[in-house]
Amino acid sequence: MNLTLKVWRQKNNQEYGRLETYKIGDISPDMSFLEMLDVLNEDLTRKSIEPIAFDHDCREGVCGMCSLYINGRAHGPKFGTTTCQLHMRSFKDGDTIVIEPWRARAFPVLRDLVVDRGAFDRIMQKGGFVSVDTGSAPDANIIPIPKPVAEKAMDAAACIGCGACVAACKNASAMLFVSAKVSQLALLPQGQVERQTRVEKMVAQMDKEGFGNCSNTGACSAECPKEISVENIARMNREYFSARLTGTEI
Amino acid sequence: MSWFTETLQSSLGKKLLMALTGLFLIIFLITHLAGNLQLLYGTKDDFNQYAKFMTTFPPIKAVSYLLYASILGHAVYGLMLTLKNRQARPVQYAYNQPTANSTWSSRNMGILGTMILIFLVIHMKSFWYEMHWGAIPEVNGFKDLHGVTVEAFKSPLYVLFYVLAMAALAFHLMHGFQSAFQSLGWNHPKYTPLIQALGTGISLLIPALFALIPVVMLLTNS
């Protein structure tokens with residue numbers, strides 16, 4: 001395959017970047033998108049051009065490290081797929097592919113296609129955990145959790161924190177991410193002790209980080225590689241309002 | 001800041017206010033439409049008597065203040081949210097394909113809302129202001145708002161403006177109705193399909209019937 005790539009190049013957080021055009025040939029349709037970028041980087045290195053910086057780690061679709069806004073879509077043209085699991089067979093020979101970093105005030109660009117997703121970590125630090133002692137691993141079924149509830153918690157826990165929801169949202173809102181993290185613990189018995197303070201603190205941090213507001217377009221869920229449902233956002237709304245109305249912390 | 005104002009100033013709280021005022025405005029639309037259909041079916045006196053009742057009966061006057069507050073609140077909070085949302089993405093994508101993941105109306109609620117607000121200012125100047133403070137001649141002991149309406153809708157341009165505004169309202173409601181329930185946290189496998197169907201139904205029916213009134217009046221009075 002021969003392709004024309006328009007890639008966002010940006011030296012650092014201070015300087016303004018621009019799209020650079022690169023031609024690349026001899027790409028196998030079986031390569032993953034990131035392998036294609038590896039080939040391009042080797043080519044750039046040979047030509048003494050600074051290789052393109054992009055985030056990646058497991059390349060198995062589970063770590064949430066890879067990002068990339070490809071041809072106007074978070075993680076590229078396929079639904080329910082991370083960039084590392086996107087293959088070149090999803091493109092046609094001769095295609096022009098535009099590659100940009102996630103764009104959000106809360107995700108500043110560090111270099112080229114790499115953004116700082118530390119805002120997600122700071123939200124998690126506010127309550128995305130269970131800090132009370134829940135004991136060692138209990139025997140199976142000793143804590144009764146209805147199957148549908150366990151399923152919902154597991155679906156929410158599938159969030160890998162990649163930030164595609166923020167990238168795809170027209171408001172750069174982090175509601176899907178935060179709601180998945182809130183839901184996962186609010187649904188399970190171990191999460192009950194900190195249930196109210198957790199949602200209050202995580203939402204407060206989310207607002208502080210400068211993410212936009214949710215306008216229920218559903219773009220987040222549509223582009224989420226783990227197909228997290230907007231049902232979680234409704235649950236977070238319920239959790240938040242109920243915590244604010246009935247919580248004893250003023 | 002008390003916990004209450006803090007809640008309403010959070011991102012979720014602002015959305016809660018948008019949802020509550022929005023749903024209240026939808027209830028108002030239904031009442032307003034029901035009353036206005038008298039322009040097509042009732043007599044001139046029926047309508048004028050109804051207009052007097054709606055502007056003088058104390059309980060209705062009380063609710064009308066809630067209505068004004070809701071319109072202003074919905075518009076002001078909508079503007080604040082839109083500005084905040086714009087700030088959240090200072091650098092736009094060079095190439096973006098939002099059509100792949102969301103509906104047009106859901107992405108353009110601010111523009112649609114602004115169009116409706118402009119319509120409201122002109123609409124309220126034409127009828128609401130005239131009814132309260134304008135010099136309207138009396139017919140059979142009632143201010144002749146019916147006559148004012150007939151006169152206004154003799155202009156095809158004015159009627160076209162109403163029809164276009166109602167199209168904007170239809171798109172606004174298409175997303176707004178179901179979105180309000182989501183913001184309230186009401187997302188449930190049993191009720192969400194019903195809410196979505198109801199939302200589509202009312203977002204087509206209400207604006208269509210509203211638009212029908214000036215069109216019919218234009219055709220019958222000119």
# chains A, B, ... in the order shown; residues from 1 in each chain; ligands from 1
call {"tool": "select_by_dssp", "arguments": {"residues": "segment 92-166 of chain B", "states": "strand (DSSP E or B)", "output": "list in words"}}
result
Glu138, Val139, Phe142 and Lys143 of chain B
call {"tool": "write_last_selection", "arguments": {"atoms": "C-alpha atoms", "output": "compact mmCIF listing (two decimals), in the first residue's frame"}}
result
# COMPACT_ATOMS: atom_id res chain seq x y z
CA GLU B 138 -61.48 46.51 22.60
CA VAL B 139 -64.09 44.34 20.92
CA PHE B 142 -62.12 42.28 25.51
CA LYS B 143 -58.79 43.46 24.08
call {"tool": "select_by_dssp", "arguments": {"residues": "segment 110-160 of chain B", "states": "alpha helix (DSSP H)", "output": "PyMOL selection string"}}
result
chain B and resi 110-123+130-133+145-152+156-160
call {"tool": "write_last_selection", "arguments": {"atoms": "N, CA and C atoms", "output": "compact mmCIF listing (two decimals), in the first residue's frame"}}
result
# COMPACT_ATOMS: atom_id res chain seq x y z
N GLY B 110 -26.81 24.90 20.81
CA GLY B 110 -26.56 26.32 21.08
C GLY B 110 -27.07 27.20 19.97
N ILE B 111 -26.76 26.82 18.73
CA ILE B 111 -27.21 27.61 17.57
C ILE B 111 -28.73 27.57 17.48
N LEU B 112 -29.29 26.36 17.64
CA LEU B 112 -30.75 26.22 17.56
C LEU B 112 -31.42 27.03 18.67
N GLY B 113 -30.84 26.97 19.86
CA GLY B 113 -31.39 27.72 20.98
C GLY B 113 -31.34 29.22 20.73
N THR B 114 -30.25 29.69 20.14
CA THR B 114 -30.13 31.12 19.82
C THR B 114 -31.20 31.54 18.82
N MET B 115 -31.42 30.67 17.82
CA MET B 115 -32.47 30.98 16.83
C MET B 115 -33.83 31.09 17.51
N ILE B 116 -34.09 30.17 18.43
CA ILE B 116 -35.37 30.19 19.14
C ILE B 116 -35.48 31.44 20.02
N LEU B 117 -34.36 31.84 20.63
CA LEU B 117 -34.38 33.03 21.48
C LEU B 117 -34.67 34.29 20.65
N ILE B 118 -34.05 34.40 19.47
CA ILE B 118 -34.32 35.55 18.59
C ILE B 118 -35.80 35.56 18.22
N PHE B 119 -36.31 34.37 17.88
CA PHE B 119 -37.73 34.27 17.56
C PHE B 119 -38.59 34.74 18.73
N LEU B 120 -38.21 34.29 19.93
CA LEU B 120 -39.00 34.62 21.12
C LEU B 120 -39.08 36.13 21.36
N VAL B 121 -37.94 36.82 21.15
CA VAL B 121 -37.93 38.27 21.36
C VAL B 121 -38.93 38.94 20.41
N ILE B 122 -38.87 38.55 19.14
CA ILE B 122 -39.77 39.16 18.15
C ILE B 122 -41.23 38.75 18.42
N HIS B 123 -41.41 37.47 18.75
CA HIS B 123 -42.75 36.93 19.02
C HIS B 123 -43.39 37.62 20.22
N GLU B 130 -47.67 43.68 23.28
CA GLU B 130 -48.87 44.41 22.81
C GLU B 130 -50.06 44.14 23.73
N MET B 131 -50.20 42.87 24.14
CA MET B 131 -51.32 42.49 25.00
C MET B 131 -51.22 43.18 26.36
N HIS B 132 -50.00 43.29 26.91
CA HIS B 132 -49.83 43.87 28.24
C HIS B 132 -49.80 45.39 28.22
N TRP B 133 -49.04 45.94 27.26
CA TRP B 133 -48.82 47.40 27.32
C TRP B 133 -49.17 48.14 26.03
N LEU B 145 -56.93 40.77 20.82
CA LEU B 145 -55.65 40.15 20.45
C LEU B 145 -55.81 39.31 19.18
N HIS B 146 -57.02 38.77 19.00
CA HIS B 146 -57.30 37.98 17.80
C HIS B 146 -57.06 38.83 16.55
N GLY B 147 -57.55 40.08 16.61
CA GLY B 147 -57.38 41.00 15.48
C GLY B 147 -55.91 41.28 15.22
N VAL B 148 -55.14 41.47 16.30
CA VAL B 148 -53.71 41.73 16.17
C VAL B 148 -53.03 40.55 15.47
N THR B 149 -53.42 39.34 15.87
CA THR B 149 -52.84 38.12 15.30
C THR B 149 -53.16 38.00 13.82
N VAL B 150 -54.44 38.21 13.48
CA VAL B 150 -54.86 38.13 12.08
C VAL B 150 -54.05 39.12 11.24
N GLU B 151 -53.90 40.34 11.76
CA GLU B 151 -53.17 41.38 11.04
C GLU B 151 -51.70 40.98 10.82
N ALA B 152 -51.08 40.45 11.90
CA ALA B 152 -49.65 40.08 11.83
C ALA B 152 -49.42 38.99 10.80
N PRO B 156 -46.72 37.37 4.47
CA PRO B 156 -46.10 36.07 4.17
C PRO B 156 -44.70 35.95 4.76
N LEU B 157 -43.96 37.05 4.80
CA LEU B 157 -42.61 37.02 5.35
C LEU B 157 -42.62 36.67 6.84
N TYR B 158 -43.57 37.29 7.55
CA TYR B 158 -43.70 37.04 8.98
C TYR B 158 -44.09 35.58 9.23
N VAL B 159 -44.97 35.06 8.39
CA VAL B 159 -45.40 33.66 8.51
C VAL B 159 -44.22 32.73 8.23
N LEU B 160 -43.43 33.06 7.21
CA LEU B 160 -42.25 32.25 6.86
C LEU B 160 -41.27 32.21 8.04
call {"tool": "interface_residues", "arguments": {"of": "chain B", "to": "chain A", "cutoff": "10 Å", "atoms": "only C-alpha atoms", "output": "JSON, numbers by chain"}}
result
{"B": [2, 3, 4, 6, 7, 8, 10, 11, 12, 13, 14, 15, 16, 81, 82, 83, 84, 85, 86, 87, 88, 89, 90, 91, 92, 93, 94, 95, 96, 97, 98, 99, 100, 101, 102, 103, 104, 105, 106, 107, 108, 109, 175, 176, 178, 179, 180, 181, 182, 183, 184, 185, 186, 187, 188, 189, 192]}
call {"tool": "closest_residue", "arguments": {"among": "A:Gly163, A:Pro29, A:Gly80, A:Pro138", "to": "Gly61 of chain A", "atoms": "only C-alpha atoms"}}
result
A:Gly80
call {"tool": "residues_around", "arguments": {"residues": "segment 112-119 of chain A", "least_positions_apart": "6", "cutoff": "6 Å", "atoms": "only C-alpha atoms", "output": "short mmCIF file (atom, residue, chain, number, x, y, z; two decimals) with N, CA and C atoms, in the first residue's frame"}}
result
data_model
loop_
_atom_site.label_atom_id
_atom_site.label_comp_id
_atom_site.auth_asym_id
_atom_site.auth_seq_id
_atom_site.Cartn_x
_atom_site.Cartn_y
_atom_site.Cartn_z
N TRP A 8 0.42 15.59 12.68
CA TRP A 8 0.62 16.79 13.50
C TRP A 8 2.00 16.73 14.14
N ARG A 9 2.84 17.73 13.84
CA ARG A 9 4.16 17.82 14.46
C ARG A 9 4.20 19.03 15.36
N GLN A 10 4.63 18.81 16.57
CA GLN A 10 4.70 19.91 17.54
C GLN A 10 5.88 19.63 18.46
N ALA A 53 6.66 11.33 17.64
CA ALA A 53 6.38 10.79 18.97
C ALA A 53 4.90 10.44 19.08
N PHE A 54 4.63 9.20 19.48
CA PHE A 54 3.24 8.80 19.74
C PHE A 54 3.22 7.82 20.91
N ASP A 55 2.09 7.78 21.63
CA ASP A 55 1.97 6.91 22.79
C ASP A 55 1.56 5.50 22.40
N PRO A 101 -3.27 14.64 17.47
CA PRO A 101 -3.37 14.22 18.87
C PRO A 101 -4.77 14.49 19.40
#
call {"tool": "residues_around", "arguments": {"residues": "Glu60 of chain A", "least_positions_apart": "2", "cutoff": "10 Å", "atoms": "only C-alpha atoms", "output": "number ranges by chain"}}
result
A: 56-58, 62-64, 82-85
call {"tool": "write_last_selection", "arguments": {"atoms": "C-alpha atoms", "output": "compact mmCIF listing (two decimals), in the first residue's frame"}}
result
# COMPACT_ATOMS: atom_id res chain seq x y z
CA HIS A 56 1.77 3.12 22.81
CA ASP A 57 2.43 0.26 25.18
CA CYS A 58 0.72 -3.13 25.17
CA VAL A 62 -6.04 -3.27 26.87
CA CYS A 63 -3.63 -0.71 28.31
CA GLY A 64 -5.24 2.54 27.14
CA THR A 82 -8.09 1.00 19.85
CA THR A 83 -5.51 2.45 17.45
CA CYS A 84 -3.15 -0.46 18.12
CA GLN A 85 -5.85 -2.92 17.08
call {"tool": "atom_distance", "arguments": {"atom1": "atom CA of Leu187 of chain A", "atom2": "atom CA of Lys147 of chain A"}}
result
11.5 Å
call {"tool": "atom_distance", "arguments": {"atom1": "atom CA of Leu37 of chain B", "atom2": "atom CA of Met54 of chain B"}}
result
14.5 Å
call {"tool": "closest_residue", "arguments": {"among": "A:Arg111, A:Lys152, A:Lys201, A:Arg195", "to": "Ser229 of chain A", "atoms": "only C-alpha atoms"}}
result
A:Lys152
call {"tool": "residues_around", "arguments": {"residues": "Phe33 of chain A", "least_positions_apart": "6", "cutoff": "6 Å", "atoms": "only C-alpha atoms", "output": "PyMOL selection string"}}
result
chain A and resi 86-88
